[in-house]
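Trainee: Okay, here's the structure, questions in a sec.
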Amino acid sequence: MGKLYIVPTPIGNLEDMTLRAIRILKEVTLILAEDTRTSGKLLHHFDINTPMQSHHMHNEHKTVASILKRLQHSVDDIALISDAGTPAISDPGFLLTRACVENGIDVECLPGATAFVPALVNSGLPNDRFVFEGFLPVKKGRQTRLKLLAEETRTMIFYESPHKLVKTLGHFAEFFGEERAISVSRELTKLYEETIRGTLKDVLEYYTEKPPKGEIVIVVKGKN
């Protein structure tokens with residue numbers, strides 16, 4: 001049988017691509033990419049000519065069976081990448097990984113870039129114990145989730161889109177209190193990387209006056 005490699009890709013700075021990741025992507029028979037156009041630029045930069053196949057949140061339920069069959073009945077190794085960061089962390093990858101594990105196919109995840117780790121470490125907030133929440137529910141279940149998280153004592157990590165950041169910070173202030181410590185990192189590893197730290201009240205005021213752009217990670221201190 002073949003083997004599935006989970007390969008992290010840079011979240012911005014291409015220098016964060018590991019030598020091992022480059023080697024694996026050159027050696028496998030097929031690369032499953034979230035967006036072949038985006039990944040094509042990355043592969044071209046590192047002179048990787050391995051064929052790609054689209055594998056994203058809208059088609060992964062349909063493609064898992066065929067990929068699984070290929071891994072089961074050949075010696076082809078396949079790599080899975082996302083547009084940025086580690087697959088399956090708020091990106092496609094879980095369904096395929098689970099299917100491979102359940103069917104005895106080797107799965108190996110390479111270490112590499114993921115946005116929430118540097119955001120947590122440079123937040124200055126406790127990082128010995130934390131909980132990763134990813135994206136909160138947009139509508140249904142959002143308030144219920146926030147009520148539960150209001151009692152969470154561990155540091156909390158969230159992903160958010162720039163146009164929803166102010167609204168989400170407002171919800172946090174409502175459920176967690178305006179004086180709760182928070183850190184917001186955006187455009188990590190990129191030219192305009194920025195981290196704003198302070199109370200929820202202060203950070204909300206900052207981004208209300210200066211609408212953010214780019215990928216965003218929110219780190220919130222747990223309840224005392």
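Naming scheme: A, B, ... for chains in displayed order of the structure tokens; residues 1 onward per chain; ligands 1 onward as shown.
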Residues near Phe172 of chain A, anyone? I mean within 8 Å using only C-alpha atoms, not counting same-chain ones fewer than 5 positions away, as a ChimeraX atom specification.
Mentor: /A:146,177-178,200
Trainee: Just want the 7 Å neighbourhood of Lys201 of chain A, counted on only C-alpha atoms, with same-chain residues fewer than 3 positions away dropped. Output as a list in words.
Mentor: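 Final neighbour list, sorted by chain and number: Ala173, Glu178, Glu179, Leu204 and Glu205 of chain A.
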Trainee: Take the residues that were just selected and, keeping N, CA, C and O atoms, output them as a PDB file, in the first residue's frame.
Mentor:
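This went into out13.pdb:
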ATOM      1  N   ALA A 173     -16.097  40.739  24.554  1.00  0.00           N
ATOM      2  CA  ALA A 173     -16.224  41.729  25.628  1.00  0.00           C
ATOM      3  C   ALA A 173     -17.527  41.521  26.402  1.00  0.00           C
ATOM      4  O   ALA A 173     -17.568  41.664  27.631  1.00  0.00           O
ATOM      5  N   GLU A 178     -14.862  43.288  29.578  1.00  0.00           N
ATOM      6  CA  GLU A 178     -14.007  44.208  28.829  1.00  0.00           C
ATOM      7  C   GLU A 178     -12.566  44.225  29.302  1.00  0.00           C
ATOM      8  O   GLU A 178     -11.668  44.618  28.558  1.00  0.00           O
ATOM      9  N   GLU A 179     -12.323  43.790  30.535  1.00  0.00           N
ATOM     10  CA  GLU A 179     -10.971  43.867  31.080  1.00  0.00           C
ATOM     11  C   GLU A 179     -10.157  42.588  30.862  1.00  0.00           C
ATOM     12  O   GLU A 179      -9.018  42.499  31.299  1.00  0.00           O
ATOM     13  N   LEU A 204     -10.483  46.241  21.084  1.00  0.00           N
ATOM     14  CA  LEU A 204     -11.699  46.493  20.304  1.00  0.00           C
ATOM     15  C   LEU A 204     -11.706  47.923  19.788  1.00  0.00           C
ATOM     16  O   LEU A 204     -12.040  48.171  18.613  1.00  0.00           O
ATOM     17  N   GLU A 205     -11.340  48.882  20.625  1.00  0.00           N
ATOM     18  CA  GLU A 205     -11.283  50.282  20.196  1.00  0.00           C
ATOM     19  C   GLU A 205     -10.252  50.472  19.079  1.00  0.00           C
ATOM     20  O   GLU A 205     -10.496  51.203  18.107  1.00  0.00           O
TER      21      GLU A 205
END
Trainee: Enumerate, in order of chain and increasing residue number, the residues of segment 81-163 of chain A with an atom no farther than 10 Å from segment 18-31 of chain A, each with its shortest atom pair and distance in Å to one decimal, counting only C-alpha atoms, as a Markdown table.
Mentor:
| residue | atom | partner | partner_atom | distance |
| --- | --- | --- | --- | --- |
| A:Ile81 | CA | A:Ile31 | CA | 7.2 |
| A:Leu110 | CA | A:Ala21 | CA | 7.2 |
| A:Pro111 | CA | A:Thr18 | CA | 8.8 |
| A:Gly112 | CA | A:Thr18 | CA | 7.2 |
| A:Ala113 | CA | A:Thr18 | CA | 9.1 |
Trainee: May I have the residues from that selection written out with N, CA, C and O atoms, as a JSON list (two decimals), in the first residue's frame?
Mentor:
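Written file, again_11.json:
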[["chain", "number", "residue", "atom", "x", "y", "z"],
["A", 81, "ILE", "N", -1.55, 18.81, 1.15],
["A", 81, "ILE", "CA", -1.17, 20.15, 1.61],
["A", 81, "ILE", "C", -2.41, 21.04, 1.60],
["A", 81, "ILE", "O", -3.40, 20.74, 0.93],
["A", 110, "LEU", "N", 4.31, 15.71, 8.86],
["A", 110, "LEU", "CA", 5.55, 16.43, 9.05],
["A", 110, "LEU", "C", 5.31, 17.63, 9.97],
["A", 110, "LEU", "O", 4.24, 18.24, 9.93],
["A", 111, "PRO", "N", 6.28, 18.00, 10.81],
["A", 111, "PRO", "CA", 6.15, 19.22, 11.60],
["A", 111, "PRO", "C", 6.35, 20.43, 10.69],
["A", 111, "PRO", "O", 7.06, 20.35, 9.68],
["A", 112, "GLY", "N", 5.72, 21.52, 11.05],
["A", 112, "GLY", "CA", 5.88, 22.71, 10.23],
["A", 112, "GLY", "C", 4.95, 23.83, 10.63],
["A", 112, "GLY", "O", 4.42, 23.85, 11.74],
["A", 113, "ALA", "N", 4.75, 24.75, 9.72],
["A", 113, "ALA", "CA", 4.05, 25.99, 10.01],
["A", 113, "ALA", "C", 2.59, 25.77, 10.39],
["A", 113, "ALA", "O", 1.89, 24.95, 9.79]]
Trainee: As a ChimeraX atom specification, please: every residue in segment 59-123 of chain A that DSSP puts in strand (DSSP E).
Mentor: /A:78-81,106-109
Trainee: Please list as a PyMOL selection string every residue within 10 Å of segment 119-127 of chain A, counting only C-alpha atoms and excluding residues in the same chain fewer than 4 positions away.
Mentor: chain A and resi 114-115+131+154-157+181-186+188+195-198+216-222
Trainee: Keeping only N, CA and C atoms, write the selected residues to a file as a JSON list (two decimals), in the first residue's frame.
Mentor:
[["chain", "number", "residue", "atom", "x", "y", "z"],
["A", 114, "THR", "N", 2.16, 26.50, 11.40],
["A", 114, "THR", "CA", 0.74, 26.60, 11.74],
["A", 114, "THR", "C", 0.58, 27.92, 12.48],
["A", 115, "ALA", "N", -0.49, 28.65, 12.21],
["A", 115, "ALA", "CA", -0.59, 30.04, 12.66],
["A", 115, "ALA", "C", -0.75, 30.19, 14.17],
["A", 131, "VAL", "N", -6.51, 25.98, 24.94],
["A", 131, "VAL", "CA", -7.52, 25.29, 24.15],
["A", 131, "VAL", "C", -7.65, 26.00, 22.80],
["A", 154, "ARG", "N", -8.34, 27.99, 30.84],
["A", 154, "ARG", "CA", -7.14, 27.91, 30.00],
["A", 154, "ARG", "C", -7.14, 29.05, 28.98],
["A", 155, "THR", "N", -5.97, 29.40, 28.50],
["A", 155, "THR", "CA", -5.86, 30.37, 27.41],
["A", 155, "THR", "C", -6.58, 29.83, 26.18],
["A", 156, "MET", "N", -7.34, 30.70, 25.51],
["A", 156, "MET", "CA", -8.15, 30.28, 24.36],
["A", 156, "MET", "C", -7.61, 30.88, 23.07],
["A", 157, "ILE", "N", -7.65, 30.08, 22.00],
["A", 157, "ILE", "CA", -7.14, 30.53, 20.70],
["A", 157, "ILE", "C", -8.24, 30.40, 19.65],
["A", 181, "ALA", "N", -7.68, 40.07, 29.33],
["A", 181, "ALA", "CA", -6.48, 40.26, 28.51],
["A", 181, "ALA", "C", -6.60, 39.50, 27.19],
["A", 182, "ILE", "N", -6.09, 40.11, 26.13],
["A", 182, "ILE", "CA", -6.22, 39.53, 24.79],
["A", 182, "ILE", "C", -5.02, 39.93, 23.94],
["A", 183, "SER", "N", -4.74, 39.11, 22.94],
["A", 183, "SER", "CA", -3.70, 39.41, 21.96],
["A", 183, "SER", "C", -4.23, 39.06, 20.58],
["A", 184, "VAL", "N", -4.11, 39.96, 19.64],
["A", 184, "VAL", "CA", -4.56, 39.72, 18.27],
["A", 184, "VAL", "C", -3.36, 39.81, 17.33],
["A", 185, "SER", "N", -3.07, 38.71, 16.66],
["A", 185, "SER", "CA", -1.96, 38.68, 15.69],
["A", 185, "SER", "C", -2.54, 38.56, 14.28],
["A", 186, "ARG", "N", -2.00, 39.32, 13.38],
["A", 186, "ARG", "CA", -2.45, 39.24, 11.99],
["A", 186, "ARG", "C", -1.26, 39.24, 11.05],
["A", 188, "LEU", "N", 0.79, 36.93, 10.22],
["A", 188, "LEU", "CA", 1.99, 36.32, 10.80],
["A", 188, "LEU", "C", 2.97, 35.87, 9.73],
["A", 195, "THR", "N", 1.02, 42.42, 16.04],
["A", 195, "THR", "CA", 0.37, 41.85, 17.21],
["A", 195, "THR", "C", -0.03, 42.99, 18.15],
["A", 196, "ILE", "N", -1.32, 43.05, 18.46],
["A", 196, "ILE", "CA", -1.85, 44.07, 19.37],
["A", 196, "ILE", "C", -2.29, 43.39, 20.66],
["A", 197, "ARG", "N", -1.76, 43.84, 21.77],
["A", 197, "ARG", "CA", -2.06, 43.24, 23.07],
["A", 197, "ARG", "C", -2.73, 44.27, 23.99],
["A", 198, "GLY", "N", -3.55, 43.79, 24.90],
["A", 198, "GLY", "CA", -4.19, 44.69, 25.85],
["A", 198, "GLY", "C", -5.47, 44.08, 26.39],
["A", 216, "ILE", "N", -6.04, 36.32, 10.72],
["A", 216, "ILE", "CA", -6.05, 36.76, 12.11],
["A", 216, "ILE", "C", -6.14, 35.60, 13.10],
["A", 217, "VAL", "N", -5.33, 35.68, 14.17],
["A", 217, "VAL", "CA", -5.39, 34.74, 15.28],
["A", 217, "VAL", "C", -5.64, 35.55, 16.56],
["A", 218, "ILE", "N", -6.66, 35.14, 17.32],
["A", 218, "ILE", "CA", -7.00, 35.81, 18.57],
["A", 218, "ILE", "C", -6.63, 34.89, 19.73],
["A", 219, "VAL", "N", -5.91, 35.44, 20.70],
["A", 219, "VAL", "CA", -5.54, 34.69, 21.90],
["A", 219, "VAL", "C", -6.13, 35.41, 23.11],
["A", 220, "VAL", "N", -6.95, 34.70, 23.90],
["A", 220, "VAL", "CA", -7.67, 35.29, 25.02],
["A", 220, "VAL", "C", -7.28, 34.59, 26.31],
["A", 221, "LYS", "N", -6.97, 35.36, 27.31],
["A", 221, "LYS", "CA", -6.64, 34.78, 28.62],
["A", 221, "LYS", "C", -7.85, 34.08, 29.22],
["A", 222, "GLY", "N", -7.63, 32.97, 29.90],
["A", 222, "GLY", "CA", -8.72, 32.26, 30.53],
["A", 222, "GLY", "C", -9.23, 32.98, 31.77]]
Trainee: Would you mind telling me which residue in A:Glu194, A:Asp76, A:Glu152, A:Asp35 lies nearest to Phe175 of chain A when using only C-alpha atoms?
Mentor: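 Closest candidate: A:Glu152.
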Trainee: Please indicate the distance in Å from atom CA of Asp106 of chain A to atom CA of Ile67 of chain A, rounded to one decimal place.
Mentor: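 Spanning atom CA of Asp106 of chain A to atom CA of Ile67 of chain A is a straight-line distance of 13.4 Å.
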Trainee: For each of A:Glu193, A:Leu32, A:Ala79, A:Ile11, take the minimum atom-to-atom distance to Val117 of chain A, counting only C-alpha atoms, then give the residue where this is smallest.
Mentor: A:Ile11
Trainee: Please run DSSP on the backbone and report, as a CSV table (one decimal) with N, CA, C and O atoms, in the first residue's frame, all residues within chain A that come out as alpha helix (DSSP H).
Mentor:
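New file result-v8.csv:
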chain,number,residue,atom,x,y,z
A,19,LEU,N,13.2,21.7,4.5
A,19,LEU,CA,13.9,20.9,3.5
A,19,LEU,C,13.2,19.6,3.3
A,19,LEU,O,13.1,19.0,2.2
A,20,ARG,N,12.8,19.0,4.5
A,20,ARG,CA,12.1,17.7,4.4
A,20,ARG,C,10.8,17.8,3.6
A,20,ARG,O,10.5,16.9,2.8
A,21,ALA,N,10.0,18.9,3.8
A,21,ALA,CA,8.8,19.0,3.1
A,21,ALA,C,9.0,19.1,1.6
A,21,ALA,O,8.3,18.5,0.8
A,22,ILE,N,10.0,19.8,1.2
A,22,ILE,CA,10.4,19.9,-0.2
A,22,ILE,C,10.7,18.6,-0.8
A,22,ILE,O,10.3,18.2,-1.9
A,23,ARG,N,11.5,17.8,0.0
A,23,ARG,CA,11.9,16.5,-0.5
A,23,ARG,C,10.7,15.6,-0.7
A,23,ARG,O,10.6,14.9,-1.7
A,24,ILE,N,9.8,15.5,0.3
A,24,ILE,CA,8.7,14.7,0.3
A,24,ILE,C,7.8,15.0,-0.9
A,24,ILE,O,7.3,14.2,-1.7
A,25,LEU,N,7.5,16.3,-1.1
A,25,LEU,CA,6.7,16.8,-2.2
A,25,LEU,C,7.3,16.4,-3.6
A,25,LEU,O,6.5,16.2,-4.5
A,26,LYS,N,8.6,16.3,-3.7
A,26,LYS,CA,9.2,15.9,-4.9
A,26,LYS,C,9.1,14.4,-5.1
A,26,LYS,O,9.1,13.9,-6.2
A,27,GLU,N,9.1,13.6,-4.0
A,27,GLU,CA,9.2,12.2,-4.1
A,27,GLU,C,7.9,11.5,-4.3
A,27,GLU,O,7.8,10.4,-4.9
A,36,THR,N,-5.2,24.4,-6.3
A,36,THR,CA,-4.1,24.0,-7.1
A,36,THR,C,-3.4,25.3,-7.7
A,36,THR,O,-2.2,25.3,-8.0
A,37,ARG,N,-4.2,26.4,-7.9
A,37,ARG,CA,-3.5,27.6,-8.4
A,37,ARG,C,-2.6,28.2,-7.3
A,37,ARG,O,-1.5,28.6,-7.6
A,38,THR,N,-3.1,28.3,-6.1
A,38,THR,CA,-2.2,28.8,-5.0
A,38,THR,C,-1.0,27.9,-4.8
A,38,THR,O,0.1,28.4,-4.7
A,39,SER,N,-1.3,26.6,-4.7
A,39,SER,CA,-0.2,25.7,-4.4
A,39,SER,C,0.8,25.6,-5.6
A,39,SER,O,2.0,25.3,-5.4
A,40,GLY,N,0.3,25.8,-6.8
A,40,GLY,CA,1.1,25.8,-8.0
A,40,GLY,C,2.2,26.8,-7.9
A,40,GLY,O,3.4,26.6,-8.3
A,41,LYS,N,2.0,28.0,-7.3
A,41,LYS,CA,3.0,29.0,-7.1
A,41,LYS,C,4.1,28.6,-6.2
A,41,LYS,O,5.3,28.8,-6.4
A,42,LEU,N,3.6,27.9,-5.1
A,42,LEU,CA,4.6,27.4,-4.1
A,42,LEU,C,5.4,26.3,-4.7
A,42,LEU,O,6.7,26.3,-4.5
A,43,LEU,N,4.8,25.4,-5.4
A,43,LEU,CA,5.6,24.3,-6.0
A,43,LEU,C,6.6,24.8,-7.1
A,43,LEU,O,7.7,24.3,-7.2
A,44,HIS,N,6.2,25.8,-7.8
A,44,HIS,CA,7.0,26.4,-8.9
A,44,HIS,C,8.3,27.0,-8.2
A,44,HIS,O,9.4,26.9,-8.7
A,45,HIS,N,8.0,27.7,-7.1
A,45,HIS,CA,9.1,28.4,-6.4
A,45,HIS,C,10.2,27.4,-5.9
A,45,HIS,O,11.4,27.8,-6.0
A,60,GLU,N,-14.1,17.1,-0.6
A,60,GLU,CA,-13.4,16.0,0.1
A,60,GLU,C,-14.2,14.8,0.4
A,60,GLU,O,-13.7,13.7,0.4
A,61,HIS,N,-15.5,15.0,0.6
A,61,HIS,CA,-16.4,13.9,0.9
A,61,HIS,C,-16.5,12.9,-0.3
A,61,HIS,O,-16.6,11.7,-0.1
A,62,LYS,N,-16.4,13.5,-1.5
A,62,LYS,CA,-16.4,12.7,-2.7
A,62,LYS,C,-15.1,12.1,-3.1
A,62,LYS,O,-15.1,11.0,-3.7
A,63,THR,N,-14.0,12.8,-2.8
A,63,THR,CA,-12.7,12.3,-3.3
A,63,THR,C,-12.0,11.3,-2.3
A,63,THR,O,-11.1,10.6,-2.8
A,64,VAL,N,-12.4,11.3,-1.1
A,64,VAL,CA,-11.8,10.4,-0.1
A,64,VAL,C,-11.8,9.0,-0.6
A,64,VAL,O,-10.7,8.3,-0.5
A,65,ALA,N,-12.9,8.5,-1.0
A,65,ALA,CA,-13.0,7.1,-1.4
A,65,ALA,C,-12.0,6.7,-2.6
A,65,ALA,O,-11.3,5.7,-2.5
A,66,SER,N,-11.9,7.6,-3.6
A,66,SER,CA,-11.0,7.3,-4.7
A,66,SER,C,-9.5,7.4,-4.3
A,66,SER,O,-8.7,6.6,-4.7
A,67,ILE,N,-9.2,8.3,-3.4
A,67,ILE,CA,-7.9,8.4,-2.9
A,67,ILE,C,-7.5,7.2,-2.1
A,67,ILE,O,-6.4,6.7,-2.2
A,68,LEU,N,-8.4,6.8,-1.2
A,68,LEU,CA,-8.2,5.7,-0.4
A,68,LEU,C,-7.9,4.4,-1.2
A,68,LEU,O,-7.0,3.6,-0.9
A,69,LYS,N,-8.7,4.3,-2.2
A,69,LYS,CA,-8.6,3.1,-3.1
A,69,LYS,C,-7.2,3.1,-3.8
A,69,LYS,O,-6.6,2.1,-3.9
A,70,ARG,N,-6.8,4.3,-4.2
A,70,ARG,CA,-5.5,4.4,-4.9
A,70,ARG,C,-4.3,4.0,-3.9
A,70,ARG,O,-3.4,3.3,-4.3
A,71,LEU,N,-4.5,4.5,-2.7
A,71,LEU,CA,-3.4,4.1,-1.7
A,71,LEU,C,-3.4,2.7,-1.3
A,71,LEU,O,-2.4,2.1,-1.0
A,72,GLN,N,-4.6,2.1,-1.3
A,72,GLN,CA,-4.7,0.6,-0.9
A,72,GLN,C,-4.2,-0.3,-2.0
A,72,GLN,O,-3.7,-1.4,-1.7
A,94,PHE,N,-8.9,16.1,7.8
A,94,PHE,CA,-9.3,15.2,8.8
A,94,PHE,C,-10.0,13.9,8.2
A,94,PHE,O,-9.7,12.8,8.6
A,95,LEU,N,-10.9,14.1,7.3
A,95,LEU,CA,-11.7,13.0,6.7
A,95,LEU,C,-10.7,12.0,6.1
A,95,LEU,O,-10.9,10.8,6.3
A,96,LEU,N,-9.8,12.5,5.3
A,96,LEU,CA,-8.9,11.6,4.6
A,96,LEU,C,-7.9,10.9,5.6
A,96,LEU,O,-7.7,9.7,5.5
A,97,THR,N,-7.4,11.6,6.6
A,97,THR,CA,-6.6,11.0,7.6
A,97,THR,C,-7.3,9.9,8.4
A,97,THR,O,-6.8,8.8,8.6
A,98,ARG,N,-8.5,10.2,8.8
A,98,ARG,CA,-9.3,9.2,9.5
A,98,ARG,C,-9.5,8.0,8.7
A,98,ARG,O,-9.4,6.9,9.2
A,99,ALA,N,-9.9,8.2,7.4
A,99,ALA,CA,-10.1,7.0,6.5
A,99,ALA,C,-8.9,6.2,6.4
A,99,ALA,O,-9.0,4.9,6.4
A,100,CYS,N,-7.7,6.8,6.2
A,100,CYS,CA,-6.5,6.0,6.1
A,100,CYS,C,-6.2,5.3,7.4
A,100,CYS,O,-5.8,4.1,7.3
A,101,VAL,N,-6.3,5.9,8.5
A,101,VAL,CA,-6.1,5.3,9.8
A,101,VAL,C,-7.0,4.1,10.0
A,101,VAL,O,-6.6,3.0,10.4
A,102,GLU,N,-8.3,4.2,9.7
A,102,GLU,CA,-9.2,3.2,9.8
A,102,GLU,C,-9.0,2.0,8.9
A,102,GLU,O,-9.4,0.9,9.2
A,116,PHE,N,-1.5,29.2,14.8
A,116,PHE,CA,-1.8,29.5,16.2
A,116,PHE,C,-0.6,29.4,17.2
A,116,PHE,O,-0.6,30.0,18.2
A,117,VAL,N,0.4,28.6,16.8
A,117,VAL,CA,1.5,28.5,17.8
A,117,VAL,C,2.3,29.8,18.0
A,117,VAL,O,2.5,30.2,19.1
A,118,PRO,N,2.8,30.4,16.9
A,118,PRO,CA,3.5,31.7,17.1
A,118,PRO,C,2.6,32.8,17.7
A,118,PRO,O,3.1,33.6,18.5
A,119,ALA,N,1.3,32.7,17.4
A,119,ALA,CA,0.4,33.7,18.0
A,119,ALA,C,0.3,33.5,19.5
A,119,ALA,O,0.2,34.5,20.3
A,120,LEU,N,0.2,32.3,19.9
A,120,LEU,CA,0.1,31.9,21.3
A,120,LEU,C,1.4,32.3,22.0
A,120,LEU,O,1.4,33.0,23.1
A,121,VAL,N,2.5,31.9,21.5
A,121,VAL,CA,3.8,32.1,22.2
A,121,VAL,C,4.1,33.6,22.3
A,121,VAL,O,4.6,34.1,23.4
A,142,ARG,N,-23.5,29.8,18.5
A,142,ARG,CA,-22.4,30.8,18.9
A,142,ARG,C,-22.5,31.2,20.3
A,142,ARG,O,-21.6,31.2,21.1
A,143,GLN,N,-23.7,31.7,20.7
A,143,GLN,CA,-23.9,32.2,22.1
A,143,GLN,C,-23.7,31.1,23.1
A,143,GLN,O,-23.1,31.3,24.1
A,144,THR,N,-24.2,29.9,22.8
A,144,THR,CA,-24.0,28.7,23.7
A,144,THR,C,-22.5,28.5,23.9
A,144,THR,O,-22.1,28.2,25.0
A,145,ARG,N,-21.8,28.5,22.8
A,145,ARG,CA,-20.4,28.3,22.9
A,145,ARG,C,-19.7,29.3,23.7
A,145,ARG,O,-18.8,29.0,24.5
A,146,LEU,N,-20.0,30.6,23.5
A,146,LEU,CA,-19.4,31.7,24.2
A,146,LEU,C,-19.7,31.6,25.7
A,146,LEU,O,-18.9,31.9,26.6
A,147,LYS,N,-20.9,31.2,26.1
A,147,LYS,CA,-21.3,31.1,27.5
A,147,LYS,C,-20.4,30.0,28.2
A,147,LYS,O,-20.0,30.2,29.3
A,148,LEU,N,-20.2,28.9,27.5
A,148,LEU,CA,-19.3,27.9,28.0
A,148,LEU,C,-17.9,28.3,28.1
A,148,LEU,O,-17.2,28.1,29.1
A,149,LEU,N,-17.4,29.1,27.1
A,149,LEU,CA,-16.0,29.5,27.1
A,149,LEU,C,-15.8,30.6,28.1
A,149,LEU,O,-14.6,30.9,28.6
A,165,LEU,N,-13.8,40.5,12.7
A,165,LEU,CA,-13.0,40.7,13.9
A,165,LEU,C,-13.7,41.6,14.9
A,165,LEU,O,-13.8,41.2,16.1
A,166,VAL,N,-14.1,42.8,14.5
A,166,VAL,CA,-14.7,43.7,15.4
A,166,VAL,C,-15.9,43.2,16.1
A,166,VAL,O,-16.1,43.3,17.3
A,167,LYS,N,-16.8,42.5,15.3
A,167,LYS,CA,-18.0,41.9,15.8
A,167,LYS,C,-17.6,40.8,16.8
A,167,LYS,O,-18.3,40.8,17.9
A,168,THR,N,-16.7,40.0,16.5
A,168,THR,CA,-16.3,38.9,17.4
A,168,THR,C,-15.7,39.5,18.7
A,168,THR,O,-16.0,39.0,19.8
A,169,LEU,N,-14.8,40.5,18.6
A,169,LEU,CA,-14.3,41.1,19.8
A,169,LEU,C,-15.4,41.7,20.7
A,169,LEU,O,-15.3,41.7,21.9
A,170,GLY,N,-16.4,42.3,20.1
A,170,GLY,CA,-17.6,42.8,20.8
A,170,GLY,C,-18.3,41.7,21.6
A,170,GLY,O,-18.7,41.9,22.7
A,171,HIS,N,-18.4,40.5,20.9
A,171,HIS,CA,-19.0,39.4,21.6
A,171,HIS,C,-18.1,38.9,22.8
A,171,HIS,O,-18.7,38.6,23.9
A,172,PHE,N,-16.8,38.9,22.6
A,172,PHE,CA,-15.9,38.5,23.6
A,172,PHE,C,-16.1,39.4,24.8
A,172,PHE,O,-16.1,39.0,26.0
A,173,ALA,N,-16.1,40.7,24.6
A,173,ALA,CA,-16.2,41.7,25.6
A,173,ALA,C,-17.5,41.5,26.4
A,173,ALA,O,-17.6,41.7,27.6
A,174,GLU,N,-18.6,41.1,25.7
A,174,GLU,CA,-19.9,40.9,26.3
A,174,GLU,C,-19.9,39.7,27.2
A,174,GLU,O,-20.4,39.7,28.3
A,175,PHE,N,-19.3,38.6,26.8
A,175,PHE,CA,-19.3,37.4,27.5
A,175,PHE,C,-18.1,37.2,28.5
A,175,PHE,O,-18.3,36.5,29.5
A,176,PHE,N,-16.9,37.7,28.1
A,176,PHE,CA,-15.8,37.5,28.9
A,176,PHE,C,-15.4,38.7,29.8
A,176,PHE,O,-14.7,38.6,30.8
A,200,LEU,N,-9.6,43.6,26.3
A,200,LEU,CA,-10.6,43.5,25.2
A,200,LEU,C,-11.1,44.9,24.8
A,200,LEU,O,-11.3,45.2,23.6
A,201,LYS,N,-11.3,45.7,25.8
A,201,LYS,CA,-11.8,47.1,25.5
A,201,LYS,C,-10.9,47.8,24.6
A,201,LYS,O,-11.3,48.5,23.6
A,202,ASP,N,-9.6,47.8,25.0
A,202,ASP,CA,-8.6,48.6,24.3
A,202,ASP,C,-8.4,48.0,22.9
A,202,ASP,O,-8.3,48.8,21.9
A,203,VAL,N,-8.3,46.7,22.7
A,203,VAL,CA,-8.1,46.1,21.4
A,203,VAL,C,-9.3,46.3,20.5
A,203,VAL,O,-9.1,46.5,19.3
A,204,LEU,N,-10.5,46.2,21.1
A,204,LEU,CA,-11.7,46.5,20.3
A,204,LEU,C,-11.7,47.9,19.8
A,204,LEU,O,-12.0,48.2,18.6
A,205,GLU,N,-11.3,48.9,20.6
A,205,GLU,CA,-11.3,50.3,20.2
A,205,GLU,C,-10.3,50.5,19.1
A,205,GLU,O,-10.5,51.2,18.1
A,206,TYR,N,-9.1,49.8,19.2
A,206,TYR,CA,-8.1,49.9,18.2
A,206,TYR,C,-8.5,49.5,16.8
A,206,TYR,O,-8.4,50.2,15.8
A,207,TYR,N,-9.2,48.3,16.8
A,207,TYR,CA,-9.6,47.7,15.5
A,207,TYR,C,-10.9,48.4,15.0
A,207,TYR,O,-11.2,48.3,13.8
A,208,THR,N,-11.6,49.0,15.8
A,208,THR,CA,-12.8,49.8,15.4
A,208,THR,C,-12.3,51.0,14.6
A,208,THR,O,-12.9,51.4,13.6
A,209,GLU,N,-11.2,51.6,15.1
A,209,GLU,CA,-10.6,52.8,14.4
A,209,GLU,C,-9.8,52.4,13.2
A,209,GLU,O,-9.6,53.1,12.2
Trainee: Smallest atom-to-atom distance to Ser82 of chain A: which of A:Thr153, A:Lys213, A:Pro8, A:Asn13, using only C-alpha atoms?
Mentor: A:Pro8
Trainee: When you draw a straight line from atom CA of Ser90 of chain A to atom CA of Leu136 of chain A, how long is it in Å?
Mentor: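 Distance between the two atoms: 10.9 Å.
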Trainee: For a test of reading the model, state the distance in Å between atom CA of Pro137 of chain A and atom CA of Ile6 of chain A, rounded to one decimal.
Mentor: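 Distance reported for this atom pair: 26.3 Å.
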